[in-house]
$ cat query36.txt   # compact mmCIF, C-alpha atoms
# COMPACT_ATOMS: atom_id res chain seq x y z
CA MET A 1263 -4.77 0.80 55.30
CA TYR A 1264 -3.15 2.55 52.39
CA ARG A 1265 -5.28 2.32 49.25
CA LEU A 1266 -3.26 2.27 46.04
CA ASP A 1267 -6.35 3.13 43.97
CA ASN A 1268 -6.95 6.41 45.81
CA ALA A 1269 -3.36 7.48 45.41
CA GLN A 1270 -3.55 6.83 41.69
CA GLN A 1271 -6.84 8.56 41.06
CA GLY A 1272 -6.67 10.58 37.87
CA GLU A 1273 -3.18 9.37 37.13
CA LYS A 1274 -2.23 6.98 34.39
CA TYR A 1275 1.14 6.18 35.93
CA ASN A 1276 2.30 4.82 39.19
CA THR A 1277 2.80 7.94 41.25
CA ILE A 1278 4.17 6.41 44.41
CA PHE A 1279 7.55 5.32 43.11
CA SER A 1280 7.96 7.90 40.38
CA ARG A 1281 10.47 10.72 40.74
CA THR A 1282 8.73 13.18 38.41
CA THR A 1283 5.83 15.23 39.73
CA PRO A 1284 2.37 14.77 38.22
CA ALA A 1285 2.46 18.29 36.79
CA GLN A 1286 5.72 17.59 34.93
CA ARG A 1287 4.30 14.35 33.59
CA ARG A 1288 1.09 15.97 32.42
CA LYS A 1289 3.08 18.65 30.62
CA ARG A 1290 5.25 16.05 28.91
CA ASN A 1291 2.20 14.01 27.90
CA ALA A 1292 0.50 17.08 26.46
CA ARG A 1293 3.62 17.95 24.46
CA SER A 1294 4.02 14.49 22.96
CA ARG A 1295 0.30 14.41 22.21
CA PHE A 1296 0.53 17.73 20.43
CA ARG A 1297 3.53 16.56 18.41
CA SER A 1298 1.80 13.37 17.27
CA ARG A 1299 -1.34 15.31 16.32
CA PHE A 1300 0.77 17.77 14.35
CA LEU A 1301 2.59 14.99 12.44
CA LEU A 1302 -0.68 13.21 11.70
CA GLY A 1303 -2.25 16.44 10.50
CA LEU A 1304 0.73 17.11 8.23
CA TYR A 1305 0.50 13.62 6.72
CA LEU A 1306 -3.25 13.93 6.16
CA PHE A 1307 -2.80 17.36 4.58
CA LEU A 1308 -0.16 16.10 2.13
CA MET A 1309 -2.27 13.04 1.41
CA ILE A 1310 -5.37 15.05 0.61
CA LEU A 1311 -3.58 17.51 -1.71
CA PRO A 1312 -3.63 15.37 -4.90
CA ILE A 1313 -7.29 14.49 -4.32
CA TYR A 1314 -8.08 18.15 -3.70
CA TRP A 1315 -6.39 19.06 -6.95
CA LEU A 1316 -8.52 16.53 -8.82
CA ILE A 1317 -11.72 17.98 -7.33
CA ASN A 1318 -10.48 21.49 -7.99
CA MET A 1319 -9.89 20.74 -11.67
CA SER A 1320 -13.20 18.94 -12.06
CA LEU A 1321 -14.97 22.17 -11.08
CA GLN A 1322 -13.06 24.40 -13.49
CA THR A 1323 -13.48 25.09 -17.17
CA ASN A 1324 -10.74 23.92 -19.51
CA SER A 1325 -9.67 27.46 -20.24
CA GLU A 1326 -9.26 28.20 -16.54
CA ILE A 1327 -7.22 25.02 -15.98
CA LEU A 1328 -4.88 25.74 -18.87
CA GLY A 1329 -4.98 29.53 -18.66
CA SER A 1330 -3.75 30.36 -15.18
CA MET A 1331 -2.71 28.77 -11.92
CA THR A 1332 -5.69 28.99 -9.56
CA LEU A 1333 -5.71 27.28 -6.19
CA TRP A 1334 -9.50 27.13 -6.11
CA PRO A 1335 -12.13 27.44 -8.86
CA LYS A 1336 -12.71 31.11 -9.68
CA ASN A 1337 -15.75 30.45 -11.88
CA LEU A 1338 -17.34 27.39 -10.38
CA THR A 1339 -18.80 25.13 -13.06
CA PHE A 1340 -20.49 21.75 -12.99
CA ASP A 1341 -20.41 21.38 -16.79
CA ASN A 1342 -17.84 18.60 -16.57
CA TYR A 1343 -20.12 16.51 -14.37
CA ILE A 1344 -23.13 17.23 -16.58
CA GLY A 1345 -21.06 16.13 -19.57
CA ILE A 1346 -20.14 12.83 -17.90
CA PHE A 1347 -23.72 11.95 -17.05
CA THR A 1348 -25.29 12.95 -20.37
CA ASN A 1349 -22.76 11.65 -22.88
CA SER A 1350 -23.26 7.93 -23.40
CA SER A 1351 -19.64 7.34 -24.42
CA TRP A 1352 -18.70 8.43 -20.89
CA TYR A 1353 -21.41 6.94 -18.73
CA MET A 1354 -21.46 3.58 -20.52
CA GLY A 1355 -18.08 2.94 -18.92
CA TYR A 1356 -19.69 3.15 -15.50
CA VAL A 1357 -22.59 0.94 -16.60
CA ASN A 1358 -20.19 -1.69 -17.93
CA SER A 1359 -18.15 -1.57 -14.73
CA MET A 1360 -21.21 -2.03 -12.55
CA LEU A 1361 -22.46 -4.92 -14.69
CA TYR A 1362 -19.05 -6.55 -14.42
CA VAL A 1363 -18.94 -6.08 -10.64
CA ALA A 1364 -22.47 -7.44 -10.15
CA LEU A 1365 -21.82 -10.53 -12.24
CA ASN A 1366 -18.43 -11.06 -10.65
CA MET A 1367 -19.89 -10.84 -7.14
CA LEU A 1368 -22.67 -13.27 -7.97
CA ILE A 1369 -20.36 -15.87 -9.52
CA THR A 1370 -17.68 -15.48 -6.83
CA ILE A 1371 -20.17 -16.01 -4.02
CA CYS A 1372 -21.79 -18.97 -5.77
CA VAL A 1373 -18.40 -20.65 -6.16
CA ALA A 1374 -16.75 -19.56 -2.93
CA LEU A 1375 -19.54 -20.46 -0.50
CA PRO A 1376 -19.64 -24.18 -1.32
CA ALA A 1377 -15.84 -24.24 -1.46
CA ALA A 1378 -15.58 -22.62 1.97
CA TYR A 1379 -18.16 -25.02 3.35
CA ALA A 1380 -16.35 -28.00 1.90
CA SER A 1381 -12.95 -26.97 3.27
CA ALA A 1382 -14.43 -26.14 6.69
CA ALA A 1383 -16.24 -29.47 6.80
CA THR A 1384 -13.14 -31.46 5.84
CA ALA A 1385 -11.05 -29.54 8.38
CA LEU A 1386 -13.55 -30.39 11.12
CA LEU A 1387 -13.55 -34.00 9.99
CA ALA A 1388 -9.76 -34.08 10.19
CA ILE A 1389 -9.79 -32.62 13.70
CA SER A 1390 -12.46 -34.99 14.96
CA THR A 1391 -10.80 -38.09 13.53
CA CYS A 1392 -7.35 -37.02 14.70
CA SER A 1393 -6.83 -37.97 18.32
CA SER A 1394 -4.44 -36.23 20.72
CA GLY A 1395 -1.54 -38.49 19.70
CA CYS A 1396 -1.62 -37.19 16.14
CA SER A 1397 0.77 -34.27 15.72
CA PRO A 1398 -0.09 -31.30 13.49
CA THR A 1399 1.90 -30.79 10.28
CA MET B 500 11.73 -27.72 -45.18
CA LEU B 501 9.25 -26.53 -42.61
CA GLY B 502 5.99 -25.06 -43.82
CA PRO B 503 4.02 -22.45 -41.86
CA ASN B 504 1.79 -25.17 -40.42
CA ALA B 505 4.58 -27.45 -39.29
CA ARG B 506 4.71 -27.84 -35.52
CA PHE B 507 7.76 -28.70 -33.55
CA PHE B 508 8.85 -28.60 -29.96
CA THR B 509 11.20 -25.73 -29.20
CA GLY B 510 12.34 -27.06 -25.87
CA THR B 511 13.78 -24.41 -23.58
CA GLU B 512 14.77 -22.08 -26.40
CA TRP B 513 12.43 -19.26 -25.31
CA PHE B 514 13.60 -19.52 -21.73
CA HIS B 515 17.22 -19.18 -22.88
CA SER B 516 16.42 -16.16 -25.00
CA ILE B 517 14.43 -14.53 -22.16
CA LEU B 518 17.13 -15.06 -19.57
CA ASN B 519 19.76 -13.65 -21.91
CA ASP B 520 17.70 -10.61 -22.92
CA SER B 521 19.47 -7.57 -21.47
CA ALA B 522 16.40 -5.31 -21.69
CA LEU B 523 14.38 -7.75 -19.61
CA ARG B 524 17.19 -8.16 -17.15
CA ASP B 525 17.31 -4.40 -16.70
CA ALA B 526 13.54 -4.32 -16.17
CA PHE B 527 13.91 -7.04 -13.57
CA VAL B 528 16.60 -5.11 -11.70
CA ARG B 529 14.44 -1.98 -11.78
CA GLN B 530 11.47 -3.98 -10.52
CA ILE B 531 13.42 -5.39 -7.57
CA LEU B 532 14.81 -1.95 -6.78
CA PHE B 533 11.33 -0.44 -6.90
CA SER B 534 9.76 -3.10 -4.68
CA LEU B 535 12.54 -2.86 -2.09
CA THR B 536 12.43 0.94 -2.04
CA ILE B 537 8.69 1.18 -1.51
CA LEU B 538 8.82 -1.52 1.18
CA ALA B 539 11.63 0.32 2.97
CA ILE B 540 9.54 3.50 2.98
CA GLN B 541 6.01 2.18 3.43
CA VAL B 542 6.52 -0.23 6.30
CA PRO B 543 8.20 2.20 8.77
CA LEU B 544 5.93 5.03 7.68
CA GLY B 545 2.85 2.86 8.09
CA ILE B 546 3.90 1.79 11.58
CA GLY B 547 4.62 5.40 12.49
CA ILE B 548 1.23 6.58 11.31
CA ALA B 549 -0.54 3.73 13.09
CA LEU B 550 1.25 4.72 16.32
CA ILE B 551 0.14 8.37 16.18
CA MET B 552 -3.43 7.72 15.06
CA PRO B 553 -6.05 8.62 17.69
CA LYS B 554 -7.25 5.60 19.60
CA ARG B 555 -10.90 6.39 20.31
CA GLY B 556 -13.64 8.94 19.82
CA TRP B 557 -14.85 10.70 16.68
CA GLN B 558 -11.28 11.63 15.76
CA ALA B 559 -10.36 7.97 15.36
CA SER B 560 -13.22 7.40 12.92
CA ALA B 561 -12.49 10.60 11.00
CA VAL B 562 -8.79 9.80 10.62
CA LEU B 563 -9.59 6.24 9.56
CA ILE B 564 -11.92 7.47 6.83
CA LEU B 565 -9.47 10.10 5.58
CA ILE B 566 -6.55 7.69 5.59
CA THR B 567 -8.50 5.08 3.61
CA LEU B 568 -9.29 7.51 0.78
CA PRO B 569 -6.29 6.70 -1.46
CA LEU B 570 -7.02 2.97 -1.21
CA LEU B 571 -10.44 3.50 -2.78
CA ILE B 572 -9.11 5.25 -5.87
CA PRO B 573 -8.75 3.08 -9.00
CA TRP B 574 -5.22 2.51 -10.27
CA ASN B 575 -5.70 4.36 -13.53
CA VAL B 576 -7.15 7.35 -11.71
CA VAL B 577 -4.17 7.38 -9.34
CA GLY B 578 -1.85 7.51 -12.35
CA SER B 579 -3.88 10.33 -13.91
CA ILE B 580 -4.04 12.29 -10.65
CA TRP B 581 -0.27 12.22 -10.29
CA GLN B 582 0.34 12.82 -13.98
CA ILE B 583 -1.61 16.08 -13.73
CA PHE B 584 -0.42 16.91 -10.21
CA THR B 585 3.23 16.83 -11.30
CA ARG B 586 2.82 18.78 -14.55
CA GLY B 587 4.81 21.97 -14.46
CA ASP B 588 2.10 24.16 -16.00
CA ILE B 589 -1.17 23.02 -14.39
CA GLY B 590 -0.19 20.67 -11.56
CA LEU B 591 0.17 21.93 -8.02
CA MET B 592 3.31 19.94 -7.21
CA GLY B 593 5.08 20.51 -10.51
CA TYR B 594 4.20 24.20 -10.45
CA GLY B 595 5.21 24.57 -6.80
CA LEU B 596 8.58 22.90 -7.35
CA ARG B 597 9.23 25.04 -10.41
CA GLU B 598 8.40 28.18 -8.45
CA LEU B 599 10.85 27.05 -5.76
CA GLY B 600 13.51 26.94 -8.46
CA ILE B 601 13.79 23.15 -8.68
CA ASN B 602 14.20 21.83 -12.19
CA TYR B 603 11.60 19.09 -12.07
CA ASN B 604 10.33 17.29 -15.14
CA ILE B 605 9.19 13.67 -15.11
CA THR B 606 9.21 13.34 -18.90
CA ARG B 607 12.86 14.35 -19.25
CA ASN B 608 14.66 13.42 -16.05
CA SER B 609 14.62 9.75 -15.08
CA GLY B 610 15.48 10.58 -11.44
CA ASP B 611 12.39 12.79 -11.20
CA ALA B 612 10.28 10.07 -12.81
CA TRP B 613 11.54 7.50 -10.29
CA ALA B 614 10.96 9.80 -7.33
CA THR B 615 7.43 10.52 -8.53
CA ILE B 616 6.54 6.87 -9.06
CA ILE B 617 7.81 5.99 -5.59
CA LEU B 618 5.98 8.95 -4.06
CA MET B 619 2.81 7.88 -5.87
CA ASP B 620 3.05 4.31 -4.63
CA VAL B 621 3.79 5.49 -1.09
CA TRP B 622 0.80 7.82 -1.28
CA HIS B 623 -1.43 5.06 -2.60
CA TRP B 624 -0.44 2.14 -0.40
CA THR B 625 0.96 3.41 2.90
CA PRO B 626 -2.64 3.62 4.21
CA LEU B 627 -2.95 -0.16 3.79
CA VAL B 628 0.12 -0.79 5.96
CA ALA B 629 -1.07 1.83 8.46
CA MET B 630 -4.54 0.27 8.71
CA LEU B 631 -3.13 -3.23 9.19
CA CYS B 632 -0.75 -1.98 11.91
CA TYR B 633 -3.54 0.04 13.52
CA SER B 634 -5.73 -3.04 13.82
CA GLY B 635 -2.74 -4.96 15.18
CA LEU B 636 -2.07 -2.28 17.78
CA ARG B 637 -5.73 -2.16 18.84
CA SER B 638 -5.71 -5.89 19.52
CA ILE B 639 -2.97 -5.60 22.20
CA PRO B 640 -4.62 -6.06 25.61
CA GLU B 641 -4.46 -3.08 27.97
CA ALA B 642 -2.80 -5.32 30.59
CA TYR B 643 0.48 -5.25 28.63
CA TYR B 644 0.60 -1.46 28.84
CA GLN B 645 -0.28 -1.53 32.53
CA ALA B 646 2.57 -3.95 33.16
CA ALA B 647 4.91 -1.68 31.23
CA ARG B 648 3.77 1.31 33.30
CA ILE B 649 4.49 -0.53 36.53
CA ASP B 650 7.98 -1.24 35.23
CA ARG B 651 8.28 2.42 34.18
CA ALA B 652 9.14 1.34 30.66
CA SER B 653 10.10 4.11 28.23
CA LYS B 654 8.09 4.71 25.06
CA TRP B 655 10.81 3.10 23.00
CA ALA B 656 10.85 0.03 25.27
CA ILE B 657 7.07 -0.30 24.97
CA PHE B 658 7.38 -0.11 21.20
CA ARG B 659 10.33 -2.48 20.96
CA TYR B 660 9.20 -5.17 23.42
CA ILE B 661 5.39 -5.00 23.33
CA GLN B 662 4.07 -3.36 20.19
CA LEU B 663 6.56 -4.56 17.59
CA PRO B 664 6.44 -8.26 18.59
CA LYS B 665 2.65 -8.12 18.61
CA LEU B 666 2.70 -6.50 15.16
CA THR B 667 4.87 -9.19 13.57
CA ASN B 668 1.97 -11.14 12.12
CA VAL B 669 0.25 -8.19 10.49
CA LEU B 670 3.60 -6.90 9.26
CA VAL B 671 4.30 -10.22 7.54
CA ILE B 672 0.97 -9.91 5.75
CA ALA B 673 1.62 -6.26 4.92
CA VAL B 674 5.08 -6.96 3.48
CA LEU B 675 3.83 -9.94 1.46
CA LEU B 676 0.87 -8.03 0.05
CA ARG B 677 2.93 -4.96 -0.74
CA PHE B 678 5.70 -7.00 -2.32
CA MET B 679 3.33 -8.94 -4.56
CA HIS B 680 1.35 -5.84 -5.50
CA SER B 681 4.39 -3.75 -6.24
CA PHE B 682 5.99 -6.53 -8.23
CA MET B 683 2.93 -6.65 -10.47
CA ILE B 684 2.50 -2.88 -10.76
CA TYR B 685 1.30 -1.87 -14.21
CA ALA B 686 -1.38 0.79 -14.52
CA GLU B 687 0.11 3.54 -12.40
CA PRO B 688 3.58 3.90 -14.00
CA PHE B 689 2.02 3.23 -17.39
CA VAL B 690 -0.30 6.21 -17.03
CA LEU B 691 2.20 8.41 -15.19
CA THR B 692 5.34 8.02 -17.28
CA GLY B 693 4.55 5.40 -19.91
CA GLY B 694 7.78 3.66 -18.88
CA GLY B 695 9.90 6.63 -19.87
CA PRO B 696 11.97 8.66 -20.15
CA GLY B 697 13.62 6.07 -22.39
CA SER B 698 12.96 2.84 -20.56
CA SER B 699 14.06 4.08 -17.14
CA THR B 700 10.74 3.30 -15.43
CA THR B 701 9.66 0.30 -17.51
CA PHE B 702 8.81 -2.46 -15.06
CA LEU B 703 8.34 -6.15 -15.75
CA SER B 704 4.61 -6.11 -16.40
CA GLN B 705 4.97 -3.34 -18.91
CA SER B 706 7.79 -5.05 -20.80
CA LEU B 707 5.62 -8.15 -20.88
CA ALA B 708 2.65 -6.23 -22.30
CA THR B 709 4.87 -4.63 -24.95
CA MET B 710 6.29 -7.99 -25.91
CA ALA B 711 3.05 -9.97 -25.93
CA ILE B 712 0.61 -7.44 -27.37
CA GLY B 713 2.83 -4.86 -29.04
CA GLN B 714 5.28 -7.19 -30.79
CA GLN B 715 3.20 -10.42 -30.74
CA ASP B 716 6.23 -12.42 -29.55
CA LEU B 717 3.97 -15.01 -27.99
CA GLY B 718 6.48 -17.78 -27.27
CA PRO B 719 9.00 -15.63 -25.41
CA SER B 720 6.27 -13.78 -23.53
CA ALA B 721 4.74 -17.04 -22.36
CA ALA B 722 8.13 -18.14 -21.04
CA PHE B 723 8.59 -14.72 -19.51
CA SER B 724 5.18 -14.89 -17.78
CA ILE B 725 6.07 -18.21 -16.19
CA ILE B 726 9.38 -16.87 -14.91
CA TYR B 727 7.60 -13.74 -13.65
CA PHE B 728 5.07 -15.82 -11.72
CA LEU B 729 7.73 -18.14 -10.32
CA VAL B 730 9.81 -15.22 -9.05
CA ILE B 731 6.85 -13.81 -7.10
CA LEU B 732 6.01 -17.25 -5.73
CA LEU B 733 9.61 -17.95 -4.78
CA VAL B 734 10.24 -14.65 -3.04
CA SER B 735 6.96 -14.79 -1.11
CA TRP B 736 7.57 -18.39 -0.07
CA VAL B 737 11.15 -17.74 1.06
CA PHE B 738 10.08 -14.65 3.00
CA TYR B 739 7.15 -16.35 4.70
CA THR B 740 9.07 -19.49 5.64
CA THR B 741 12.00 -17.49 6.99
CA ILE B 742 9.79 -15.32 9.19
CA MET B 743 7.82 -18.30 10.47
CA HIS B 744 11.02 -20.19 11.30
CA MET B 745 12.42 -17.16 13.10
CA GLN B 746 9.28 -17.00 15.21
CA LYS B 747 9.44 -20.71 15.93
CA ASP B 748 13.04 -20.41 17.11
CA LYS B 749 12.07 -17.66 19.51
CA ASN B 750 8.98 -19.42 20.80
CA PRO B 751 9.32 -23.22 21.00
CA HIS B 752 5.61 -23.70 21.68
CA GLY B 753 4.51 -22.59 18.23
CA GLY B 754 3.33 -19.39 16.54
CA ALA B 755 2.87 -16.03 18.20

$ encode --input "query36.txt" --output "structure tokens"
Amino acid sequence: MYRLDNAQQGEKYNTIFSRTTPAQRRKRNARSRFRSRFLLGLYLFLMILPIYWLINMSLQTNSEILGSMTLWPKNLTFDNYIGIFTNSSWYMGYVNSMLYVALNMLITICVALPAAYASAATALLAISTCSSGCSPT
Amino acid sequence: MLGPNARFFTGTEWFHSILNDSALRDAFVRQILFSLTILAIQVPLGIGIALIMPKRGWQASAVLILITLPLLIPWNVVGSIWQIFTRGDIGLMGYGLRELGINYNITRNSGDAWATIILMDVWHWTPLVAMLCYSGLRSIPEAYYQAARIDRASKWAIFRYIQLPKLTNVLVIAVLLRFMHSFMIYAEPFVLTGGGPGSSTTFLSQSLATMAIGQQDLGPSAAFSIIYFLVILLVSWVFYTTIMHMQKDKNPHGGA
């Protein structure tokens, strides 16, 4: 008896009724795969560029940023980061943000959990009291 | 005579003055134009990216992480990034375009400012559409593709008759989210162009902030806020109901 599975081994497509040879199909698949990888790579590259520029500038001195166009930091410096973490007028912004987020999370969860429970419970109640004759909406 | 403490009901006076204000009407037109443009770019681009993203393995995780990066950046930082990125003297894009001989200046030319704001929004929010579509695509059972292979369906046919119908629900969410977000956009254009040059990129939220905080015109800005909110509500409602009705017409047994 003819086994379809054996004939299709290693093939994604139905090979019995297809007019193209497996080699042709593999070549076409590889080409379309390459094209999609290329497009994706191009998109990712363009997407990363602005972020790269931000990182690049954060590692340069002000004079290097304003002085000349450099694609990567010539004199690598971490002074900007040190400045952020030692100057209270900078890092207090982060502290305030974190405080806000923590409080917000706490309050949101405290309010949302009972609300979710209540709405779930009433929905269940509605389903259980509504027999099959009762139409939704 | 009315003293400073006399109170009286102004009726719909503020609403009349808001609806007849030509500056606000222009801002509204710009806002609609902006929202429609970014939707027209982001939705097809997002679907396209979701289609070419790797489906499994370490590459899938790596691409997911990279693609999510812009979504994690705060709005103000996005504005600052693009403000610097497009500067002709120190920004890569501004410098590159100038070297190519293109006269590009977002503080002088309103066309350049518009293009940059749209590019910025596409950069920031296309990942959201792509991620939603990617999750939608992943949830399609393999059996559908097998059936398509047996029928020797072309790639386009698979997209048109299997993937797109299965994506409808996530696309509705994506369009609604993107419309509401883009209609309320404030921080990014404010940091990037400050609404200029002139008022060519002043959107509704920024005109509202100028009116309420800058000029202290509290009555008109309250009326304006209500209209602003109602417009978003109305458009979202109309869109959602239309899509849901269209689906119901196609499928008499309820939602997809």

$ closest_atom_pairs --input "query36.txt" --of "chain A" --to "chain B" --cutoff "10 Å" --atoms "only C-alpha atoms" --output "JSON lines"
{"residue": "A:Lys1274", "atom": "CA", "partner": "B:Arg648", "partner_atom": "CA", "distance": 8.3}
{"residue": "A:Tyr1275", "atom": "CA", "partner": "B:Arg648", "partner_atom": "CA", "distance": 6.1}
{"residue": "A:Asn1276", "atom": "CA", "partner": "B:Ile649", "partner_atom": "CA", "distance": 6.4}
{"residue": "A:Thr1277", "atom": "CA", "partner": "B:Ile649", "partner_atom": "CA", "distance": 9.8}
{"residue": "A:Phe1279", "atom": "CA", "partner": "B:Ile649", "partner_atom": "CA", "distance": 9.3}
{"residue": "A:Ser1280", "atom": "CA", "partner": "B:Arg651", "partner_atom": "CA", "distance": 8.3}
{"residue": "A:Ser1294", "atom": "CA", "partner": "B:Ile551", "partner_atom": "CA", "distance": 9.9}
{"residue": "A:Arg1295", "atom": "CA", "partner": "B:Ile551", "partner_atom": "CA", "distance": 8.5}
{"residue": "A:Arg1297", "atom": "CA", "partner": "B:Ile551", "partner_atom": "CA", "distance": 9.1}
{"residue": "A:Ser1298", "atom": "CA", "partner": "B:Ile551", "partner_atom": "CA", "distance": 5.4}
{"residue": "A:Arg1299", "atom": "CA", "partner": "B:Ile551", "partner_atom": "CA", "distance": 7.1}
{"residue": "A:Phe1300", "atom": "CA", "partner": "B:Ile551", "partner_atom": "CA", "distance": 9.6}
{"residue": "A:Leu1301", "atom": "CA", "partner": "B:Ile551", "partner_atom": "CA", "distance": 8.0}
{"residue": "A:Leu1302", "atom": "CA", "partner": "B:Ile551", "partner_atom": "CA", "distance": 6.6}
{"residue": "A:Gly1303", "atom": "CA", "partner": "B:Val562", "partner_atom": "CA", "distance": 9.3}
{"residue": "A:Tyr1305", "atom": "CA", "partner": "B:Ile548", "partner_atom": "CA", "distance": 8.4}
{"residue": "A:Leu1306", "atom": "CA", "partner": "B:Ile566", "partner_atom": "CA", "distance": 7.1}
{"residue": "A:Phe1307", "atom": "CA", "partner": "B:Leu565", "partner_atom": "CA", "distance": 9.9}
{"residue": "A:Leu1308", "atom": "CA", "partner": "B:Trp622", "partner_atom": "CA", "distance": 9.0}
{"residue": "A:Met1309", "atom": "CA", "partner": "B:Trp622", "partner_atom": "CA", "distance": 6.6}
{"residue": "A:Ile1310", "atom": "CA", "partner": "B:Leu565", "partner_atom": "CA", "distance": 8.1}
{"residue": "A:Leu1311", "atom": "CA", "partner": "B:Leu591", "partner_atom": "CA", "distance": 8.6}
{"residue": "A:Pro1312", "atom": "CA", "partner": "B:Phe584", "partner_atom": "CA", "distance": 6.4}
{"residue": "A:Ile1313", "atom": "CA", "partner": "B:Ile580", "partner_atom": "CA", "distance": 7.4}
{"residue": "A:Tyr1314", "atom": "CA", "partner": "B:Ile580", "partner_atom": "CA", "distance": 9.9}
{"residue": "A:Trp1315", "atom": "CA", "partner": "B:Phe584", "partner_atom": "CA", "distance": 7.1}
{"residue": "A:Leu1316", "atom": "CA", "partner": "B:Ile580", "partner_atom": "CA", "distance": 6.4}
{"residue": "A:Met1319", "atom": "CA", "partner": "B:Ile589", "partner_atom": "CA", "distance": 9.4}
{"residue": "A:Glu1326", "atom": "CA", "partner": "B:Ile589", "partner_atom": "CA", "distance": 9.8}
{"residue": "A:Ile1327", "atom": "CA", "partner": "B:Ile589", "partner_atom": "CA", "distance": 6.6}
{"residue": "A:Leu1328", "atom": "CA", "partner": "B:Ile589", "partner_atom": "CA", "distance": 6.4}
{"residue": "A:Gly1329", "atom": "CA", "partner": "B:Ile589", "partner_atom": "CA", "distance": 8.7}
{"residue": "A:Ser1330", "atom": "CA", "partner": "B:Ile589", "partner_atom": "CA", "distance": 7.8}
{"residue": "A:Met1331", "atom": "CA", "partner": "B:Ile589", "partner_atom": "CA", "distance": 6.4}
{"residue": "A:Thr1332", "atom": "CA", "partner": "B:Ile589", "partner_atom": "CA", "distance": 8.9}
{"residue": "A:Leu1333", "atom": "CA", "partner": "B:Leu591", "partner_atom": "CA", "distance": 8.2}

$ residues_near_point --input "query36.txt" --point "(14.5, 5.5, -21.9)" --cutoff "10 Å" --atoms "all atoms listed in the file" --output "short mmCIF file (atom, residue, chain, number, x, y, z; two decimals) with C-alpha atoms, in the frame of the given file"
data_model
loop_
_atom_site.label_atom_id
_atom_site.label_comp_id
_atom_site.auth_asym_id
_atom_site.auth_seq_id
_atom_site.Cartn_x
_atom_site.Cartn_y
_atom_site.Cartn_z
CA THR B 606 9.21 13.34 -18.90
CA ARG B 607 12.86 14.35 -19.25
CA ASN B 608 14.66 13.42 -16.05
CA SER B 609 14.62 9.75 -15.08
CA GLY B 694 7.78 3.66 -18.88
CA GLY B 695 9.90 6.63 -19.87
CA PRO B 696 11.97 8.66 -20.15
CA GLY B 697 13.62 6.07 -22.39
CA SER B 698 12.96 2.84 -20.56
CA SER B 699 14.06 4.08 -17.14
CA THR B 700 10.74 3.30 -15.43
CA THR B 701 9.66 0.30 -17.51
#

$ closest_residue --input "query36.txt" --among "A:Ile1317, A:Ala1292, A:Ala1378, A:Leu1304" --to "Phe1340 of chain A" --atoms "all atoms listed in the file"
A:Ile1317

$ atom_distance --input "query36.txt" --atom1 "atom CA of Leu523 of chain B" --atom2 "atom CA of Thr615 of chain B"
22.5 Å

$ atom_distance --input "query36.txt" --atom1 "atom CA of Gly510 of chain B" --atom2 "atom CA of Ala522 of chain B"
22.5 Å

$ closest_residue --input "query36.txt" --among "B:Gln662, B:Asp611, B:Ile564, B:Asp520" --to "Met630 of chain B" --atoms "all atoms listed in the file"
B:Ile564
